[in-house]
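Quick notes on the structure that follows.
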Amino acid sequence: MRAGGLFRRRETRPDWDVYLASRAREARDSRLVNFFSAGVEALSPDTPIGRVPLAALDLETTGLDAGRHDIVSIGVMPFTLERIRVREGRYWVLSPRRNLSEESVAFHHITHSEVAGAPDLSAILDELLACLSGRLVVVHYRRIERSFLDAAIRERLGESLLFPVIDTMSLEARIHRQSWWARLRRWLGQPAASIRLHESRQRYHLPPYTGHHALVDALATAELLQAQVARYHTLETPVGELWR
Amino acid sequence: MNVEQLDIRDHLAQFAPFDSLSDDLLDTVAASVEIRYFQAGTELLVKDQPIEALWYVRSGAVEMYLRNGRLFNRLGEGDIFGYSDLLRNRRVRYPVRAIEDTLIYFIPAEVFEEVCDQDDEFAEFVDTGGQRLKATVEQQRHDSDMMTTRVRKLLGRPAEMIEAGVTLQEAAQRMRDANTTCVLVIEPAEKASPYTFIDRDGHGWRLCGILTDRDFCTRVLAEGVTPQAPATDAMSRQLIVVQSDETVYEAMLSMLRNQVHHLPVLHRRQPIGVLHLSDIVRYETHSSLFLVNNIFLQNEVDQLAHLSEEVRTAFARMVADGANSEMVGRALATVGRSFAHRLIELAEARLGPPPVPYCFMVLGSMARDEPTITADQDNALVLDDRFDPEQHDAYFEALAKFVSDGLAACGYPYCKGDVMATNPRWRQPLQVWKRYFTEWMDAPNPERLLHSSIFFDLAAVHGEEPLVEALQDLIAERAPQRPFFLAAMARNALGRTPPLGFFRTFVMEQDGKHRKSINLKRRGTAPLADLVRVHALACGSKAQNTFARLDDIAKTRLLADGVNERLRYAFEFLSMVRIRHQAHDIEQGEEPDNNIEPENIDSRERHHLKDAFEVISHAQKFLGFRYPMPSKRSRG
């Protein structure tokens with residue numbers, strides 16, 4: 001999968017509207033039916049980004065492998081390009097099915113005692129899906145959010161939960177990693193610009209936040225998307241050009 | 001909802017006016033915040049568009065413009081805007097543009113109004129600029145009530161009074177029975193005079209003296225006067241009195257100046273009590289009081305110079321005790337004049353009595369009762385018209401030199417402009433001084449006046465005060481009728497402008513340049529004192545102190561409603577900031593100066609400074625408009 005040299009393999013872009021429509025028809029769990037139906041209603045590739053309700057999503061996990069690790073917390077910040085209303089933000093600490101490792105405790109500060117009384121994902125699934133329903137989800141580095149959520153839902157409901165997302169990291173990569181100039185720089189051996197959340201925000205003069213809290217990172221991601229659209233796109237840009 | 005994790009509350013809590021909100025209200029505000037990012041160059045608010053939230057700059061910077069497109073204000077992290085529009089009609093008055101990439105927190109209008117309703121301090125802060133400043137100044141004033149407490153509040157009981165015919169023994173018994181340290185002596189009066197009053201039964205009385213326990217020691221026992229002698233034999237006839245509505249501070253200064261411990265207090269002419277030094281002591285911070293007292297006990301210049309080291313500590317202590325700028329100014333002026341006064345006495349002791357009467361006067365900030373701890377000496381001698389240079393000048397030259405050198409030794413540096421009595425030009429008989437002032441006023445030009453404006457703040461320190469009063473009278477009579485002179489003074493008063501704004505790390509000049517520090521005297525208090533002087537001259541005021549001048553100006557229609565008050569608060573605030581920073585320098589063992597670095601100023605003070613500079617800026621514009629250069633024709 002790694003791109004190299006001056007050329008890069010194109011990622012195949014799924015037809016998300018087709019996928020959402022088929023899942024709305026075929027999903028077995030009624031909650032998923034509702035979720036996908038709302039998606040069909042609200043999300044079409046031609047809709048201008050300025051008119052789509054958005055929701056920044058961030059997961060904190062016990063590790064990087066969705067097959068072996070688990071979700072410990074979820075932050076969702078519903079927003080639009082005009083306003084992030086912080087009172088609508090939601091945050092859950094979850095009980096992982098596998099053990100918390102010491103390293104991950106050190107990483108995101110969620111301790112054993114905190115997760116001890118915490119619910120399983122299935123207990124908050126209604127709320128979570130309601131939060132994301134009819135909104136285009138925004139994440140920073142989609143592989144984590146997509147794979148962990150999909151794996152967790154498969155495990156509990158026996159079917160998949162995939163949906164289109166705007167990945168602020170890949171938007172950043174398009175500018176700083178995949179442009180002709182960026183590739184030339186890399187080919188010449190210069191270090192690539194960091195596209196991590198904090199460093200990306202710095203390029204837009206967004207203030208630093210204390211990281212590794214799912215809701216804080218969701219907010220940070222929402223602000224980053226506002227900044228990216230303000231600088232490189234317009235409110236009229238069709239979402240089909242941005243989602244993955 | 002978990003908003004508490006989002007840093008929002010903590011960020012708000014660092015900045016005025018949120019920093020003083022209760023926890024509950026701060027939570028309410030933080031939870032209501034809505035956020036949006038704006039790229040540099042974006043128009044944030046367009047004139048007349050509706051506004052539904054208070055705007056808070058989380059990061060970045062914005063600029064606000066006047067209708068004519070001129071830069072009006074620049075705001076940075078932690079600043080708020082839009083509040084006056086919210087309070088008015090929810091329409092934008094001044095357009096706003098982001099000049100850096102900016103993250104804005106919006107606080108919805110309903111929440112803003114709720115907080116205004118529940119928190120008076122917050123409401124005052126967002127109210128119009130002048131009132132915001134006023135609220136702070138009054139807070140400061142409240143902290144130090146000696147300036148505002150009236151003398152009558154300290155009086156415990158009515159004055160003990162005896163008739164002039166009473167014997168000393170009877171007087172002593174009355175004092176014993178009433179447990180007081182003094183009695184007032186009165187006699188029947190037929191005619192009205194400054195010390196007559198009517199008692200409840202309609203009898204006329206005259207207050208003719210005061211008899212204290214000290215008098216019993218020095219004038220009765222020590223002199224061997226019999227207890228049967230009349231009380232009038234031992235009483236003091238020179239009465240130093242205060243009016244009941246004068247401030248405690250005035251009373252204290254009066255005691256210091258006149259070296260007395262008892263002050264009869266009058267309501268109009270009716271004696272209502274006697275104030276004793278001990279009544280005041282609990283209001284005083286001791287420092288300046290003892291210092292002045294000590295100055296008059298020294299017999300050598302080097303002793304005085306040694307004592308002057310305490311001035312700075314006394315100053316710092318006064319500021320720490322919450323004195324306001326008027327108190328500090330008066331105390332420093334009293335101390336400075338006392339040094340001069342004592343030096344003159346020492347000079348006379350050395351040189352013998354003066355050949356002709358004279359008055360030693362101070363000029364500039366010392367005359368206005370507004371010197372700072374860094375003030376230099378500005379003084380002059382007004383001599384009696386019988387002065388003959390051949391015969392007498394050697395004496396006055398020697399006296400001037402003695403005093404000037406002495407002042408320099410006591411921490412009052414020589415005047416760089418040579419405005420000192422040692423300069424023969426400023427050591428002249430009254431008629432020459434009158435000619436100087438007449439020329440300045442009748443044939444003015446801004447250049448000449450630039451160097452002589454200091455002479456329009458003048459006060460007698462020691463000697464024949466009528467000599468200086470004659471000059472004050474001359475100025476008060478003549479200046480209001482000299483539009484050309486007023487115009488020239490006004491033009492000079494516009495020479496020093498305030499900066500446009502005050503930010504976390506820099507000062508913004510009107511031309512948009514940044515500066516690391518600002519001279520608060522040159523850019524703030526001095527231009528303000530200058531412009532108040534012009535108005536005072538125009539209305540024939542004889543007051544020298546800026547606040548007293550503003551009192552006189554308030555009696556006229558020179559200034560629009562509210563302007564006088566705003567000037568007063570701006571002056572008090574700027575003076576206090578300067579004084580506090582100087583006190584801070586002294587406490588840190590550094591040399592105090594007039595420079596303020598924005599980094600050393602908290603966000604609340606920054607807001608107020610901006611307001612105060614705005615007040616000056618408006619007042620300067622009005623000054624140029626009010627005193628225009630008359631055309632040549634109207635001059636003749």
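For the structure tokens, the naming scheme is as follows: chains receive sequential letters (A, B, ...) according to their order of presentation, residues are indexed from 1 within each chain, and ligands are indexed from 1 in presentation order.
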
Pick out the chain A residues within 12 Å of chain B. Count only C-alpha atoms. Give them as a ChimeraX atom specification.
/A:75-93,201-233

Can you list every residue in range 262-365 of chain B that DSSP puts in strand (DSSP E), as a PyMOL selection string?
chain B and resi 262-267+270-276+358-363

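Shell of Glu326 in chain B at 9 Å, with only C-alpha atoms counted and residues fewer than 4 places along the chain excluded, is B:Met147, B:Arg330, B:Ala331, B:Asp369, B:Glu370, B:Phe547, B:Glu572, B:Ser575.
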
Please identify all polymer residues within 12 Å of Arg25 in chain A, counting only C-alpha atoms, omitting same-chain residues fewer than 6 positions from it, and present them as a ChimeraX atom specification.
/A:18-19,32-38,40

Using only C-alpha atoms, can you tell me which of A:Gly158, A:Gly134, A:Pro238, A:Gly63 comes closest to Gly39 in chain A?
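Among A:Gly158, A:Gly134, A:Pro238, A:Gly63, it is A:Gly134 that comes nearest to Gly39 in chain A.
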
With a distance cut-off of 8 Å and only C-alpha atoms, select the neighbouring residues of Cys131 in chain A, excluding the residue or stretch itself and same-chain residues fewer than 2 positions from it, and output the selection as an MDAnalysis selection string.
chainID A and resid 55 76 78 127:129 133

Residues from the last selection, all heavy atoms, saved as a PDB file, in the first residue's frame:
ATOM      1  N   ALA A  55     -20.214  15.756  11.659  1.00  0.00           N
ATOM      2  CA  ALA A  55     -19.950  15.294  13.026  1.00  0.00           C
ATOM      3  C   ALA A  55     -18.511  14.815  13.100  1.00  0.00           C
ATOM      4  O   ALA A  55     -18.142  13.857  12.410  1.00  0.00           O
ATOM      5  CB  ALA A  55     -20.902  14.175  13.422  1.00  0.00           C
ATOM      6  N   VAL A  76     -17.806  12.660  20.071  1.00  0.00           N
ATOM      7  CA  VAL A  76     -18.482  13.124  18.858  1.00  0.00           C
ATOM      8  C   VAL A  76     -18.803  14.606  19.018  1.00  0.00           C
ATOM      9  O   VAL A  76     -19.347  15.012  20.052  1.00  0.00           O
ATOM     10  CB  VAL A  76     -19.798  12.351  18.605  1.00  0.00           C
ATOM     11  CG1 VAL A  76     -20.469  12.886  17.334  1.00  0.00           C
ATOM     12  CG2 VAL A  76     -19.538  10.872  18.485  1.00  0.00           C
ATOM     13  N   PRO A  78     -20.881  17.236  16.873  1.00  0.00           N
ATOM     14  CA  PRO A  78     -21.658  17.638  15.706  1.00  0.00           C
ATOM     15  C   PRO A  78     -21.335  19.087  15.358  1.00  0.00           C
ATOM     16  O   PRO A  78     -21.116  19.897  16.259  1.00  0.00           O
ATOM     17  CB  PRO A  78     -23.108  17.511  16.179  1.00  0.00           C
ATOM     18  CG  PRO A  78     -23.048  16.687  17.415  1.00  0.00           C
ATOM     19  CD  PRO A  78     -21.720  16.964  18.027  1.00  0.00           C
ATOM     20  N   GLU A 127     -27.525   5.840  21.131  1.00  0.00           N
ATOM     21  CA  GLU A 127     -27.139   7.253  21.255  1.00  0.00           C
ATOM     22  C   GLU A 127     -26.084   7.637  20.226  1.00  0.00           C
ATOM     23  O   GLU A 127     -26.170   8.696  19.598  1.00  0.00           O
ATOM     24  CB  GLU A 127     -26.538   7.511  22.647  1.00  0.00           C
ATOM     25  CG  GLU A 127     -27.539   7.586  23.769  1.00  0.00           C
ATOM     26  CD  GLU A 127     -26.809   7.846  25.079  1.00  0.00           C
ATOM     27  OE1 GLU A 127     -26.617   9.017  25.417  1.00  0.00           O
ATOM     28  OE2 GLU A 127     -26.392   6.864  25.731  1.00  0.00           O
ATOM     29  N   LEU A 128     -25.088   6.762  20.089  1.00  0.00           N
ATOM     30  CA  LEU A 128     -23.990   7.056  19.172  1.00  0.00           C
ATOM     31  C   LEU A 128     -24.512   7.194  17.745  1.00  0.00           C
ATOM     32  O   LEU A 128     -24.199   8.163  17.044  1.00  0.00           O
ATOM     33  CB  LEU A 128     -22.927   5.950  19.251  1.00  0.00           C
ATOM     34  CG  LEU A 128     -21.779   6.061  18.240  1.00  0.00           C
ATOM     35  CD1 LEU A 128     -20.981   7.343  18.472  1.00  0.00           C
ATOM     36  CD2 LEU A 128     -20.853   4.843  18.313  1.00  0.00           C
ATOM     37  N   LEU A 129     -25.336   6.205  17.324  1.00  0.00           N
ATOM     38  CA  LEU A 129     -25.838   6.250  15.951  1.00  0.00           C
ATOM     39  C   LEU A 129     -26.741   7.474  15.754  1.00  0.00           C
ATOM     40  O   LEU A 129     -26.716   8.098  14.694  1.00  0.00           O
ATOM     41  CB  LEU A 129     -26.594   4.950  15.621  1.00  0.00           C
ATOM     42  CG  LEU A 129     -25.685   3.729  15.473  1.00  0.00           C
ATOM     43  CD1 LEU A 129     -26.517   2.459  15.277  1.00  0.00           C
ATOM     44  CD2 LEU A 129     -24.701   3.901  14.317  1.00  0.00           C
ATOM     45  N   SER A 133     -26.208  10.125  12.807  1.00  0.00           N
ATOM     46  CA  SER A 133     -27.237   9.962  11.789  1.00  0.00           C
ATOM     47  C   SER A 133     -27.470  11.238  10.992  1.00  0.00           C
ATOM     48  O   SER A 133     -27.613  12.314  11.565  1.00  0.00           O
ATOM     49  CB  SER A 133     -28.559   9.593  12.485  1.00  0.00           C
ATOM     50  OG  SER A 133     -29.000   8.381  11.959  1.00  0.00           O
TER      51      SER A 133
END

Looking at only C-alpha atoms, which of A:Ile144, A:Leu136, A:Val165, A:Ile175 is the one that sits closest to Val52 in chain A?
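With only C-alpha atoms as the atom set, the closest residue is A:Leu136.
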
Please list as a ChimeraX atom specification every residue within 12 Å of Arg448 in chain B, counting only C-alpha atoms and excluding residues in the same chain fewer than 5 positions away.
/B:436-437,439-441,443,453-454,485,488-489,492
